[in-house]
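Data file: upload21.txt. Format and content: compact mmCIF, C-alpha atoms and all ligand atoms.
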```
# COMPACT_ATOMS: atom_id res chain seq x y z
CA ARG O 941 -109.18 -34.53 -121.16
CA PHE O 942 -108.50 -38.07 -122.44
CA ASP O 943 -111.77 -39.45 -121.10
CA SER O 944 -113.80 -37.20 -123.39
CA ILE O 945 -111.99 -38.22 -126.59
CA PRO O 946 -114.38 -39.74 -129.11
CA LEU O 947 -113.61 -43.06 -130.76
CA ALA O 948 -112.17 -42.68 -134.27
CA PRO O 949 -113.90 -44.65 -137.03
CA PRO O 950 -112.06 -47.90 -137.80
CA ASP O 951 -110.07 -48.21 -141.03
CA ALA O 952 -112.45 -49.86 -143.51
CA ILE O 953 -109.92 -52.28 -145.00
CA LEU O 954 -108.09 -53.16 -141.79
CA GLY O 955 -111.47 -53.79 -140.15
CA LEU O 956 -112.16 -56.41 -142.81
CA THR O 957 -108.75 -57.98 -142.17
CA GLU O 958 -109.65 -58.38 -138.49
CA ALA O 959 -113.04 -59.84 -139.35
CA PHE O 960 -111.34 -62.25 -141.76
CA ALA O 961 -108.90 -63.42 -139.09
CA ALA O 962 -111.82 -64.07 -136.71
CA ASP O 963 -113.85 -65.97 -139.37
CA THR O 964 -113.73 -69.70 -138.56
CA ARG O 965 -114.94 -70.96 -141.96
CA SER O 966 -112.20 -72.98 -143.65
CA GLU O 967 -113.27 -71.96 -147.16
CA LYS O 968 -112.87 -68.21 -146.46
CA MET O 969 -110.93 -66.14 -149.01
CA ASN O 970 -109.54 -62.64 -148.49
CA LEU O 971 -109.67 -60.39 -151.56
CA SER O 972 -109.68 -57.19 -149.52
CA VAL O 973 -106.06 -56.79 -148.42
CA GLY O 974 -103.50 -54.60 -150.17
CA VAL O 975 -100.58 -57.02 -150.32
CA TYR O 976 -99.36 -59.56 -152.84
CA LYS O 977 -99.92 -63.24 -152.02
CA ASP O 978 -98.28 -66.25 -153.61
CA ALA O 979 -100.00 -69.52 -154.53
CA SER O 980 -99.86 -70.70 -150.92
CA GLY O 981 -101.54 -67.53 -149.69
CA VAL O 982 -98.37 -66.08 -148.19
CA THR O 983 -96.85 -62.63 -148.73
CA PRO O 984 -93.35 -63.96 -149.45
CA ILE O 985 -89.93 -62.52 -148.71
CA LEU O 986 -88.20 -62.40 -152.11
CA LYS O 987 -85.06 -64.54 -152.47
CA CYS O 988 -83.07 -61.49 -153.59
CA VAL O 989 -84.09 -59.75 -150.36
CA LYS O 990 -83.00 -62.71 -148.19
CA GLU O 991 -79.66 -62.80 -149.99
CA ALA O 992 -79.14 -59.03 -149.61
CA GLU O 993 -79.98 -59.32 -145.92
CA LYS O 994 -77.36 -62.05 -145.47
CA GLN O 995 -74.77 -59.79 -147.04
CA LEU O 996 -75.88 -56.85 -144.89
CA ILE O 997 -75.58 -58.81 -141.66
CA GLU O 998 -71.97 -59.53 -142.57
CA SER O 999 -71.07 -56.07 -143.82
CA GLU O 1000 -73.10 -53.67 -141.68
CA LYS O 1001 -70.83 -51.76 -139.33
CA THR O 1002 -73.04 -49.22 -137.65
CA LYS O 1003 -76.57 -48.43 -136.64
CA GLY O 1004 -75.76 -44.72 -136.61
CA TYR O 1005 -78.29 -42.29 -138.06
CA LEU O 1006 -78.66 -41.90 -141.81
CA PRO O 1007 -78.50 -38.40 -143.31
CA ILE O 1008 -81.84 -36.53 -143.20
CA ASN O 1009 -82.40 -37.25 -146.90
CA GLY O 1010 -81.36 -40.87 -146.55
CA GLN O 1011 -78.68 -43.31 -147.63
CA PRO O 1012 -76.71 -41.90 -150.61
CA ASP O 1013 -76.34 -45.15 -152.60
CA TYR O 1014 -80.04 -45.93 -152.13
CA ARG O 1015 -80.92 -42.48 -153.41
CA SER O 1016 -78.82 -42.80 -156.53
CA GLN O 1017 -80.05 -46.35 -157.27
CA VAL O 1018 -83.75 -45.48 -157.02
CA GLN O 1019 -83.17 -42.22 -158.89
CA GLN O 1020 -81.88 -44.35 -161.77
CA LEU O 1021 -84.85 -46.72 -161.48
CA VAL O 1022 -87.41 -43.91 -161.54
CA PHE O 1023 -85.82 -41.33 -163.85
CA GLY O 1024 -83.19 -43.24 -165.81
CA ASP O 1025 -81.20 -40.64 -167.74
CA ARG O 1026 -84.28 -38.62 -168.69
CA VAL O 1027 -83.70 -35.72 -166.33
CA GLU O 1028 -80.35 -34.04 -165.56
CA SER O 1029 -79.25 -35.20 -162.11
CA ASP O 1030 -78.67 -31.67 -160.83
CA ARG O 1031 -82.35 -30.85 -161.40
CA ILE O 1032 -83.49 -33.67 -159.09
CA ALA O 1033 -83.88 -33.47 -155.31
CA MET O 1034 -83.95 -37.05 -154.07
CA VAL O 1035 -85.08 -37.89 -150.54
CA GLN O 1036 -85.43 -41.36 -149.04
CA ALA O 1037 -88.79 -41.66 -147.27
CA PRO O 1038 -90.51 -44.18 -144.98
CA GLY O 1039 -92.62 -45.88 -147.66
CA GLY O 1040 -94.75 -44.34 -150.35
CA THR O 1041 -96.98 -42.98 -147.59
CA GLY O 1042 -94.10 -41.10 -145.99
CA ALA O 1043 -93.09 -39.75 -149.40
CA LEU O 1044 -96.62 -38.52 -150.11
CA ARG O 1045 -96.88 -36.91 -146.69
CA VAL O 1046 -93.63 -34.97 -147.06
CA ALA O 1047 -94.57 -34.02 -150.63
CA GLY O 1048 -97.96 -32.80 -149.40
CA GLU O 1049 -96.33 -30.67 -146.70
CA PHE O 1050 -93.92 -29.28 -149.26
CA LEU O 1051 -96.80 -28.30 -151.54
CA ALA O 1052 -98.74 -26.77 -148.65
CA ARG O 1053 -95.81 -24.73 -147.33
CA GLN O 1054 -93.77 -23.85 -150.38
CA CYS O 1055 -96.30 -23.72 -153.21
CA SER O 1056 -99.36 -22.22 -151.48
CA PRO O 1057 -102.13 -21.61 -152.54
CA THR O 1058 -101.66 -24.90 -154.38
CA ARG O 1059 -104.60 -27.26 -154.25
CA VAL O 1060 -104.01 -30.97 -154.78
CA PHE O 1061 -106.36 -32.60 -157.31
CA LEU O 1062 -106.93 -36.30 -156.69
CA PRO O 1063 -108.54 -38.74 -159.13
CA SER O 1064 -112.03 -39.93 -158.27
CA PRO O 1065 -111.82 -42.59 -157.00
CA THR O 1066 -108.34 -42.91 -155.53
CA TRP O 1067 -106.49 -44.78 -152.78
CA ALA O 1068 -108.46 -43.75 -149.68
CA ASN O 1069 -105.33 -42.62 -147.84
CA HIS O 1070 -104.50 -39.96 -150.46
CA ASN O 1071 -107.21 -37.70 -149.13
CA ALA O 1072 -106.22 -38.20 -145.51
CA ILE O 1073 -102.50 -37.73 -146.19
CA MET O 1074 -102.92 -34.52 -148.17
CA GLN O 1075 -105.37 -33.07 -145.68
CA SER O 1076 -103.11 -33.89 -142.74
CA ALA O 1077 -100.26 -32.28 -144.65
CA GLY O 1078 -102.31 -29.10 -144.86
CA ALA O 1079 -102.84 -29.18 -148.62
CA PRO O 1080 -106.37 -28.32 -149.79
CA VAL O 1081 -107.81 -31.30 -151.68
CA GLU O 1082 -110.00 -31.28 -154.79
CA SER O 1083 -110.94 -34.10 -157.14
CA TYR O 1084 -110.99 -34.71 -160.86
CA THR O 1085 -113.06 -37.18 -162.86
CA TYR O 1086 -111.31 -40.47 -163.50
CA LEU O 1087 -113.59 -43.48 -163.69
CA ALA O 1088 -116.40 -43.70 -166.25
CA ASP O 1089 -119.98 -44.43 -165.20
CA ASP O 1090 -119.54 -48.08 -166.20
CA ARG O 1091 -117.01 -48.24 -163.29
CA ARG O 1092 -114.61 -50.25 -165.43
CA SER O 1093 -112.98 -47.75 -167.82
CA LEU O 1094 -111.41 -44.31 -167.90
CA ASN O 1095 -113.57 -41.24 -168.47
CA PHE O 1096 -110.77 -39.66 -170.45
CA GLU O 1097 -112.72 -36.66 -171.75
CA GLY O 1098 -114.10 -35.97 -168.28
CA MET O 1099 -110.61 -36.17 -166.81
CA LEU O 1100 -109.13 -33.75 -169.33
CA SER O 1101 -111.94 -31.26 -169.06
CA ASP O 1102 -111.67 -31.24 -165.25
CA LEU O 1103 -107.91 -30.70 -165.48
CA ARG O 1104 -108.53 -27.85 -167.92
CA ASP O 1105 -111.56 -26.22 -166.32
CA LYS O 1106 -111.32 -26.80 -162.57
CA THR O 1107 -107.65 -26.01 -162.00
CA ARG O 1108 -105.61 -22.84 -161.66
CA PRO O 1109 -101.96 -22.55 -162.72
CA GLY O 1110 -99.78 -23.79 -159.85
CA ASP O 1111 -102.27 -26.41 -158.63
CA ALA O 1112 -100.96 -29.95 -158.19
CA VAL O 1113 -102.45 -33.01 -159.88
CA LEU O 1114 -101.88 -36.41 -158.34
CA LEU O 1115 -101.63 -39.20 -160.91
CA HIS O 1116 -101.18 -42.93 -160.33
CA ALA O 1117 -98.19 -43.60 -162.57
CA CYS O 1118 -99.42 -47.17 -163.16
CA CYS O 1119 -101.78 -49.81 -161.70
CA HIS O 1120 -104.40 -47.37 -160.42
CA ASN O 1121 -105.56 -48.28 -156.93
CA PRO O 1122 -108.46 -49.10 -156.46
CA THR O 1123 -109.68 -49.55 -160.06
CA GLY O 1124 -106.83 -51.09 -162.10
CA VAL O 1125 -107.79 -48.63 -164.87
CA ASP O 1126 -104.75 -46.91 -166.42
CA PRO O 1127 -104.51 -44.40 -169.28
CA THR O 1128 -102.99 -45.71 -172.53
CA ALA O 1129 -99.63 -44.39 -173.76
CA GLU O 1130 -101.47 -42.05 -176.17
CA GLN O 1131 -103.73 -40.80 -173.41
CA TRP O 1132 -100.69 -40.06 -171.24
CA GLN O 1133 -99.41 -37.81 -174.04
CA GLU O 1134 -102.61 -35.80 -173.93
CA ILE O 1135 -102.69 -35.72 -170.10
CA ALA O 1136 -99.09 -34.46 -170.01
CA ARG O 1137 -99.92 -31.79 -172.61
CA VAL O 1138 -102.83 -30.48 -170.55
CA ILE O 1139 -100.81 -30.49 -167.32
CA SER O 1140 -98.02 -28.59 -169.02
CA SER O 1141 -100.21 -26.06 -170.83
CA GLN O 1142 -102.26 -25.38 -167.67
CA GLY O 1143 -99.09 -24.84 -165.63
CA LEU O 1144 -99.97 -27.61 -163.14
CA ILE O 1145 -97.53 -29.51 -160.90
CA PRO O 1146 -97.72 -33.24 -161.63
CA VAL O 1147 -97.38 -35.43 -158.53
CA LEU O 1148 -96.88 -39.03 -159.58
CA ASP O 1149 -97.62 -41.81 -157.14
CA PHE O 1150 -95.42 -44.68 -158.30
CA ALA O 1151 -96.24 -47.54 -155.93
CA TYR O 1152 -96.54 -50.48 -158.33
CA GLN O 1153 -93.69 -50.26 -160.85
CA GLY O 1154 -93.37 -53.71 -162.41
CA PHE O 1155 -96.84 -54.94 -161.42
CA GLY O 1156 -98.60 -53.78 -164.60
CA ASP O 1157 -96.69 -54.59 -167.78
CA GLY O 1158 -93.07 -54.57 -166.54
CA LEU O 1159 -90.55 -52.14 -165.08
CA GLU O 1160 -89.98 -50.13 -168.27
CA ALA O 1161 -93.52 -50.28 -169.61
CA ASP O 1162 -94.96 -49.13 -166.29
CA ALA O 1163 -92.80 -46.00 -166.40
CA VAL O 1164 -94.18 -44.83 -169.75
CA GLY O 1165 -96.76 -42.46 -168.24
CA LEU O 1166 -94.23 -41.01 -165.83
CA HIS O 1167 -91.66 -40.51 -168.57
CA THR O 1168 -94.22 -38.87 -170.84
CA VAL O 1169 -95.05 -36.38 -168.10
CA LEU O 1170 -91.37 -35.74 -167.38
CA ASP O 1171 -90.72 -35.08 -171.08
CA LYS O 1172 -93.37 -32.37 -171.17
CA CYS O 1173 -93.21 -30.79 -167.72
CA ALA O 1174 -90.21 -28.95 -166.28
CA GLU O 1175 -91.35 -29.59 -162.70
CA ALA O 1176 -92.73 -32.74 -161.09
CA ILE O 1177 -92.79 -34.71 -157.85
CA VAL O 1178 -92.51 -38.49 -157.93
CA CYS O 1179 -93.42 -40.43 -154.79
CA SER O 1180 -92.17 -43.97 -155.22
CA SER O 1181 -92.67 -47.00 -153.01
CA TYR O 1182 -90.72 -50.25 -152.89
CA SER O 1183 -93.23 -51.98 -150.61
CA LYS O 1184 -94.83 -53.96 -153.44
CA ASN O 1185 -92.15 -54.54 -156.04
CA PHE O 1186 -89.53 -55.64 -153.48
CA GLY O 1187 -92.11 -57.12 -151.07
CA LEU O 1188 -90.69 -54.86 -148.34
CA TYR O 1189 -94.02 -53.70 -146.91
CA SER O 1190 -93.01 -53.52 -143.25
CA GLU O 1191 -89.54 -52.09 -143.88
CA ARG O 1192 -90.97 -48.75 -145.08
CA VAL O 1193 -88.97 -48.01 -148.20
CA GLY O 1194 -89.90 -45.13 -150.49
CA ALA O 1195 -88.58 -41.94 -151.99
CA ILE O 1196 -89.48 -38.44 -153.10
CA GLY O 1197 -87.94 -37.41 -156.39
CA LEU O 1198 -88.58 -33.73 -156.95
CA VAL O 1199 -87.73 -32.40 -160.41
CA ALA O 1200 -87.04 -28.66 -160.60
CA SER O 1201 -86.53 -26.55 -163.70
CA ASN O 1202 -82.93 -25.69 -162.77
CA PRO O 1203 -80.19 -26.82 -160.34
CA ALA O 1204 -80.59 -23.86 -157.95
CA ALA O 1205 -84.30 -24.57 -157.59
CA ALA O 1206 -83.53 -28.26 -156.97
CA SER O 1207 -81.06 -27.36 -154.19
CA ALA O 1208 -83.47 -24.96 -152.53
CA SER O 1209 -86.28 -27.54 -152.75
CA LEU O 1210 -84.02 -30.20 -151.26
CA SER O 1211 -83.17 -27.92 -148.34
CA GLN O 1212 -86.88 -27.36 -147.67
CA LEU O 1213 -87.68 -31.07 -147.94
CA LYS O 1214 -84.96 -31.73 -145.35
CA VAL O 1215 -86.50 -29.18 -142.98
CA LEU O 1216 -89.83 -31.02 -143.26
CA VAL O 1217 -88.23 -34.42 -142.64
CA ARG O 1218 -86.26 -33.14 -139.65
CA SER O 1219 -89.35 -31.98 -137.77
CA ASN O 1220 -91.34 -35.04 -138.78
CA TYR O 1221 -89.28 -38.24 -138.27
CA SER O 1222 -85.78 -36.70 -138.29
CA ASN O 1223 -84.22 -39.24 -140.63
CA PRO O 1224 -85.38 -42.41 -142.38
CA PRO O 1225 -84.90 -46.07 -141.36
CA ARG O 1226 -81.84 -47.85 -142.73
CA HIS O 1227 -82.57 -51.53 -143.21
CA GLY O 1228 -85.10 -51.61 -146.07
CA ALA O 1229 -83.26 -48.99 -148.08
CA ALA O 1230 -79.98 -50.87 -147.57
CA ILE O 1231 -81.65 -54.01 -148.95
CA VAL O 1232 -82.84 -52.19 -152.09
CA ALA O 1233 -79.46 -50.51 -152.57
CA THR O 1234 -77.62 -53.84 -152.14
CA ILE O 1235 -79.83 -55.55 -154.72
CA LEU O 1236 -79.64 -52.76 -157.28
CA ALA O 1237 -75.86 -52.47 -156.94
CA ASP O 1238 -75.36 -56.16 -157.74
CA GLN O 1239 -76.01 -57.47 -161.25
CA GLU O 1240 -76.86 -61.00 -160.12
CA LEU O 1241 -79.23 -59.84 -157.39
CA THR O 1242 -80.84 -57.36 -159.77
CA ARG O 1243 -81.40 -60.16 -162.28
CA LEU O 1244 -82.95 -62.32 -159.55
CA TRP O 1245 -85.15 -59.42 -158.41
CA LYS O 1246 -86.42 -58.83 -161.95
CA THR O 1247 -87.23 -62.53 -162.32
CA GLU O 1248 -89.11 -62.59 -159.04
CA LEU O 1249 -90.96 -59.39 -159.92
CA ASP O 1250 -91.91 -60.92 -163.29
CA GLU O 1251 -93.22 -63.98 -161.46
CA MET O 1252 -95.47 -61.85 -159.27
CA ARG O 1253 -96.79 -59.92 -162.26
CA ILE O 1254 -97.39 -63.05 -164.35
CA ARG O 1255 -99.20 -64.75 -161.49
CA ILE O 1256 -101.56 -61.77 -161.16
CA THR O 1257 -102.25 -61.81 -164.92
CA GLN O 1258 -102.93 -65.55 -164.85
CA LEU O 1259 -105.32 -65.16 -161.93
CA ARG O 1260 -107.18 -62.47 -163.86
CA GLU O 1261 -107.47 -64.85 -166.84
CA LYS O 1262 -108.60 -67.80 -164.73
CA PHE O 1263 -111.23 -65.71 -162.96
CA VAL O 1264 -112.61 -64.35 -166.25
CA GLU O 1265 -112.70 -67.90 -167.70
CA GLY O 1266 -114.35 -69.19 -164.54
CA MET O 1267 -117.04 -66.50 -164.62
CA ALA O 1268 -117.73 -67.27 -168.30
CA LYS O 1269 -118.66 -70.82 -167.22
CA GLN O 1270 -121.27 -69.53 -164.75
CA ALA O 1271 -124.67 -69.55 -166.41
CA GLY O 1272 -126.18 -66.08 -166.63
CA ALA O 1273 -123.15 -64.31 -165.14
CA PRO O 1274 -122.03 -61.05 -166.75
CA ASP O 1275 -118.90 -60.83 -168.91
CA PHE O 1276 -115.87 -60.08 -166.76
CA SER O 1277 -113.36 -59.76 -169.61
CA PHE O 1278 -112.85 -56.07 -168.72
CA LEU O 1279 -110.64 -57.37 -165.89
CA LEU O 1280 -108.07 -58.40 -168.50
CA LYS O 1281 -107.53 -54.78 -169.53
CA GLN O 1282 -106.92 -53.64 -165.99
CA LYS O 1283 -103.44 -53.46 -164.48
CA GLY O 1284 -101.88 -54.44 -161.21
CA MET O 1285 -103.18 -56.13 -158.12
CA PHE O 1286 -106.52 -54.34 -157.89
CA SER O 1287 -109.69 -54.11 -159.92
CA TYR O 1288 -113.14 -52.75 -159.48
CA SER O 1289 -115.26 -55.88 -159.80
CA GLY O 1290 -118.54 -54.04 -160.29
CA LEU O 1291 -119.93 -55.64 -157.10
CA THR O 1292 -122.05 -53.28 -155.05
CA ALA O 1293 -121.55 -52.75 -151.30
CA MET O 1294 -124.58 -54.99 -150.68
CA GLN O 1295 -123.23 -57.74 -152.89
CA ALA O 1296 -119.80 -57.47 -151.22
CA ASP O 1297 -121.60 -57.82 -147.89
CA GLU O 1298 -123.48 -60.89 -149.06
CA LEU O 1299 -120.29 -62.42 -150.45
CA ARG O 1300 -118.73 -62.13 -147.01
CA THR O 1301 -121.64 -63.31 -144.90
CA LYS O 1302 -122.79 -66.14 -147.17
CA TYR O 1303 -119.50 -67.44 -148.57
CA GLY O 1304 -116.67 -66.00 -146.44
CA VAL O 1305 -115.22 -64.11 -149.43
CA TYR O 1306 -113.97 -60.72 -148.23
CA VAL O 1307 -114.19 -57.82 -150.69
CA VAL O 1308 -114.00 -54.08 -149.92
CA GLY O 1309 -117.40 -52.33 -150.02
CA SER O 1310 -116.44 -50.38 -153.14
CA GLY O 1311 -116.17 -53.72 -154.96
CA ARG O 1312 -112.39 -53.48 -155.15
CA ILE O 1313 -110.79 -56.89 -155.33
CA ASN O 1314 -107.18 -57.85 -154.77
CA VAL O 1315 -106.66 -60.31 -157.61
CA ALA O 1316 -103.55 -61.70 -155.89
CA GLY O 1317 -105.74 -62.89 -153.00
CA MET O 1318 -107.60 -65.38 -155.23
CA ASP O 1319 -106.94 -69.05 -154.53
CA GLU O 1320 -106.34 -70.51 -157.99
CA ASP O 1321 -107.13 -74.06 -156.85
CA ARG O 1322 -110.60 -72.94 -155.82
CA MET O 1323 -111.35 -70.59 -158.69
CA ASP O 1324 -114.54 -72.40 -159.69
CA TRP O 1325 -115.82 -72.17 -156.12
CA LEU O 1326 -115.00 -68.45 -156.02
CA CYS O 1327 -116.73 -67.83 -159.37
CA GLY O 1328 -119.77 -69.76 -158.10
CA ALA O 1329 -119.89 -67.53 -155.03
CA VAL O 1330 -119.59 -64.32 -157.10
CA ALA O 1331 -122.27 -65.57 -159.51
CA GLY O 1332 -124.39 -66.43 -156.46
CA VAL O 1333 -124.48 -62.84 -155.23
CA LEU O 1334 -124.92 -61.42 -158.74
CA SER O 1335 -128.01 -63.49 -159.57
N1 LIG O 1401 -99.87 -45.23 -153.16
C1 LIG O 1401 -100.76 -46.19 -153.48
C2 LIG O 1401 -101.62 -45.98 -154.67
C3 LIG O 1401 -100.86 -47.34 -152.71
O1 LIG O 1401 -101.74 -48.27 -153.05
C4 LIG O 1401 -100.02 -47.49 -151.58
C5 LIG O 1401 -100.08 -48.72 -150.72
N2 LIG O 1401 -101.27 -49.32 -150.57
C6 LIG O 1401 -99.12 -46.48 -151.29
C7 LIG O 1401 -99.06 -45.37 -152.09
C8 LIG O 1401 -98.21 -46.51 -150.07
O2 LIG O 1401 -97.37 -47.55 -149.98
P1 LIG O 1401 -96.42 -47.75 -148.74
O3 LIG O 1401 -96.85 -49.02 -148.11
O4 LIG O 1401 -95.07 -47.83 -149.36
O5 LIG O 1401 -96.55 -46.60 -147.81
```
Please go through the file and, once you have read it, give me the structure as structure tokens.
Amino acid sequence: RFDSIPLAPPDAILGLTEAFAADTRSEKMNLSVGVYKDASGVTPILKCVKEAEKQLIESEKTKGYLPINGQPDYRSQVQQLVFGDRVESDRIAMVQAPGGTGALRVAGEFLARQCSPTRVFLPSPTWANHNAIMQSAGAPVESYTYLADDRRSLNFEGMLSDLRDKTRPGDAVLLHACCHNPTGVDPTAEQWQEIARVISSQGLIPVLDFAYQGFGDGLEADAVGLHTVLDKCAEAIVCSSYSKNFGLYSERVGAIGLVASNPAAASASLSQLKVLVRSNYSNPPRHGAAIVATILADQELTRLWKTELDEMRIRITQLREKFVEGMAKQAGAPDFSFLLKQKGMFSYSGLTAMQADELRTKYGVYVVGSGRINVAGMDEDRMDWLCGAVAGVLS
């Protein structure tokens, strides 16, 4: 019974967060977490969110359940954000989900139940939870080549040949639409064209994980890969998250946007997605989605949101630049300018697990064992100190 249950292994990243909290050194710096931080080290509540919440407190009339597929105005607002006018509305099944994770889980269950014997191909490496989510959903998982041996660029040929040679028609391919986590390495616009061509000609189902729209090059620019795929493929699943770009991490705001080749297929898919939601969490939470819907329905709040999102993105870019400059000043340190080509909050730093370990024990700088760093966790006022520490473990 319960007393014979073995202990599950701790989550690698959350374990580091706990160790960081317990670390008494004042100079400690946490580059391991997966959230945005501002210059004072805080994960802020955006002003547009605070304003929307004020309005909601006044206007909210009920805490009654939402429909199984979520709040209608939220669904239409995020549908516009993700798809624009690219896909006819009656070919899209839109379902509000509890975060990007919830969206991926429901999408995985849909693939496992409705598209069997679909296998889900994940990039290597990928966000660690992708594997766990797809496996829990009952979808068989495979991987395709993504990162080159230099661990800082895309192995584009390897990726294409895996997508061509390892897959069968009907398999699903998970793609990070932008800001690849954990590497920060994204395909170029031209490479997306080729990727979309291969997916289409092989008859694969593209599953786009869109968790960082606006964190790479901007809202529109970050949707280029997604739009390229949608232009070439009649079917797709987009799992979007508003945790990062609205700073709504704990409110659990996401969506599944399933594109079918015709309206009847979209309706049938929607009905099946609703069955999955019903037996899973019944219906999604209201508050976070109401915040997003309120902001996107209001021109002023949308303008404020875009400004605040720009600020987050620009800060991340500036931190990348300062770190690269700082490392260039360290005698004998390798060139880190590859970080400038990478997108979003994360990058593979090239540090080994041993070096990451040394960085933590010797300097109190916390980095995931893979060498992934959260650029937004860097303290810009102590950049030279950080670069000295990194150079210290590299020498
Ligand atoms: N996909 C990727 C690539 C992510 O990095 C994350 C969050 N770390 C998610 C999905 C899930 O985000 P959420 O917090 O909205 O569940």
Let me have the centre and edge lengths of the axis-aligned box enclosing all listed atoms of range 1179-1194 of chain O with 5 Å padding on every side, in Å to one decimal, as JSON.
```
{"center_x": -91.9, "center_y": -48.8, "center_z": -149.6, "size_x": 15.9, "size_y": 26.7, "size_z": 22.8}
```
* Shell around range 1278-1282 of chain O at 8 Å using all atoms listed in the file, local window under 5 positions removed, as number ranges by chain -> O: 1092, 1119, 1123-1126, 1257, 1260-1261, 1264, 1287, 1289
Write out the residues from the selection above, keeping C-alpha atoms, as a compact mmCIF listing (two decimals), keeping the file's coordinate frame.
```
# COMPACT_ATOMS: atom_id res chain seq x y z
CA ARG O 1092 -114.61 -50.25 -165.43
CA CYS O 1119 -101.78 -49.81 -161.70
CA THR O 1123 -109.68 -49.55 -160.06
CA GLY O 1124 -106.83 -51.09 -162.10
CA VAL O 1125 -107.79 -48.63 -164.87
CA ASP O 1126 -104.75 -46.91 -166.42
CA THR O 1257 -102.25 -61.81 -164.92
CA ARG O 1260 -107.18 -62.47 -163.86
CA GLU O 1261 -107.47 -64.85 -166.84
CA VAL O 1264 -112.61 -64.35 -166.25
CA SER O 1287 -109.69 -54.11 -159.92
CA SER O 1289 -115.26 -55.88 -159.80
```
* Would you mind telling me which residue in O:Lys1106, O:Arg1015, O:His1070, O:Arg1026 lies nearest to Val1164 in chain O when using only C-alpha atoms? => O:Arg1026
* Selection near range 948-960 of chain O, 7 Å with all atoms listed in the file, sequence-local residues under 6 positions removed, as a ChimeraX atom specification -> /O:970,972-973,1308
* Any idea what's packed within 10 Å of His1120 in chain O, counting all atoms listed in the file, ignoring anything in its chain fewer than 6 positions away? Could you give it as a ChimeraX atom specification? -> /O:1063,1065-1067,1126-1127,1149-1152,1156,1282-1287
Under the rule of at most 9 Å, produce a per-residue listing of chain O near ligand LIG 1401 (chain O): chain, number, name, the closest pair of atoms, and the distance in Å, as a Markdown table, using all atoms listed in the file.
```
| residue | atom | partner | partner_atom | distance |
| --- | --- | --- | --- | --- |
| O:Gly974 | CA | O:LIG1401 | N2 | 5.7 |
| O:Val975 | CA | O:LIG1401 | N2 | 7.7 |
| O:Pro1038 | CA | O:LIG1401 | O5 | 7.1 |
| O:Gly1039 | CA | O:LIG1401 | O4 | 3.6 |
| O:Gly1040 | CA | O:LIG1401 | O4 | 3.6 |
| O:Thr1041 | CA | O:LIG1401 | O5 | 3.7 |
| O:Gly1042 | CA | O:LIG1401 | O5 | 6.3 |
| O:Ala1043 | CA | O:LIG1401 | O5 | 7.8 |
| O:Leu1044 | CA | O:LIG1401 | C7 | 7.5 |
| O:Thr1066 | CA | O:LIG1401 | C2 | 7.4 |
| O:Trp1067 | CA | O:LIG1401 | C2 | 5.4 |
| O:Ala1068 | CA | O:LIG1401 | C2 | 8.8 |
| O:Asn1069 | CA | O:LIG1401 | N1 | 8.1 |
| O:His1070 | CA | O:LIG1401 | N1 | 7.5 |
| O:His1116 | CA | O:LIG1401 | C2 | 6.4 |
| O:Ala1117 | CA | O:LIG1401 | C2 | 8.9 |
| O:Cys1118 | CA | O:LIG1401 | C2 | 8.9 |
| O:Cys1119 | CA | O:LIG1401 | C2 | 8.0 |
| O:His1120 | CA | O:LIG1401 | C2 | 6.5 |
| O:Asn1121 | CA | O:LIG1401 | C2 | 5.1 |
| O:Pro1122 | CA | O:LIG1401 | O1 | 7.6 |
| O:Asp1149 | CA | O:LIG1401 | N1 | 5.7 |
| O:Phe1150 | CA | O:LIG1401 | N1 | 6.8 |
| O:Ala1151 | CA | O:LIG1401 | N1 | 5.1 |
| O:Tyr1152 | CA | O:LIG1401 | C2 | 7.7 |
| O:Cys1179 | CA | O:LIG1401 | C7 | 8.0 |
| O:Ser1180 | CA | O:LIG1401 | O4 | 7.6 |
| O:Ser1181 | CA | O:LIG1401 | O4 | 4.4 |
| O:Tyr1182 | CA | O:LIG1401 | O4 | 6.1 |
| O:Ser1183 | CA | O:LIG1401 | O4 | 4.7 |
| O:Lys1184 | CA | O:LIG1401 | O4 | 7.4 |
| O:Leu1188 | CA | O:LIG1401 | O4 | 8.3 |
| O:Tyr1189 | CA | O:LIG1401 | O3 | 5.6 |
| O:Ser1190 | CA | O:LIG1401 | O3 | 7.7 |
| O:Glu1191 | CA | O:LIG1401 | O4 | 8.9 |
| O:Arg1192 | CA | O:LIG1401 | O4 | 6.0 |
| O:Val1193 | CA | O:LIG1401 | O4 | 6.2 |
| O:Gly1194 | CA | O:LIG1401 | O4 | 5.9 |
```
* Counting only C-alpha atoms, the residue of O:Met1318, O:Leu1291, O:Leu1021, O:Ala1237 that sits nearest Ile1256 in chain O -> O:Met1318
Thr1292 in chain O: which residues within 12 Å, counting all atoms listed in the file, same-chain residues fewer than 5 positions away excluded, as a short mmCIF file (atom, residue, chain, number, x, y, z; two decimals) with C-alpha atoms, in the coordinates of the input?
```
data_model
loop_
_atom_site.label_atom_id
_atom_site.label_comp_id
_atom_site.auth_asym_id
_atom_site.auth_seq_id
_atom_site.Cartn_x
_atom_site.Cartn_y
_atom_site.Cartn_z
CA ARG O 1091 -117.01 -48.24 -163.29
CA ASP O 1297 -121.60 -57.82 -147.89
CA GLU O 1298 -123.48 -60.89 -149.06
CA LEU O 1299 -120.29 -62.42 -150.45
CA VAL O 1307 -114.19 -57.82 -150.69
CA VAL O 1308 -114.00 -54.08 -149.92
CA GLY O 1309 -117.40 -52.33 -150.02
CA SER O 1310 -116.44 -50.38 -153.14
CA GLY O 1311 -116.17 -53.72 -154.96
CA ARG O 1312 -112.39 -53.48 -155.15
CA ILE O 1313 -110.79 -56.89 -155.33
CA VAL O 1330 -119.59 -64.32 -157.10
CA VAL O 1333 -124.48 -62.84 -155.23
CA LEU O 1334 -124.92 -61.42 -158.74
#
```
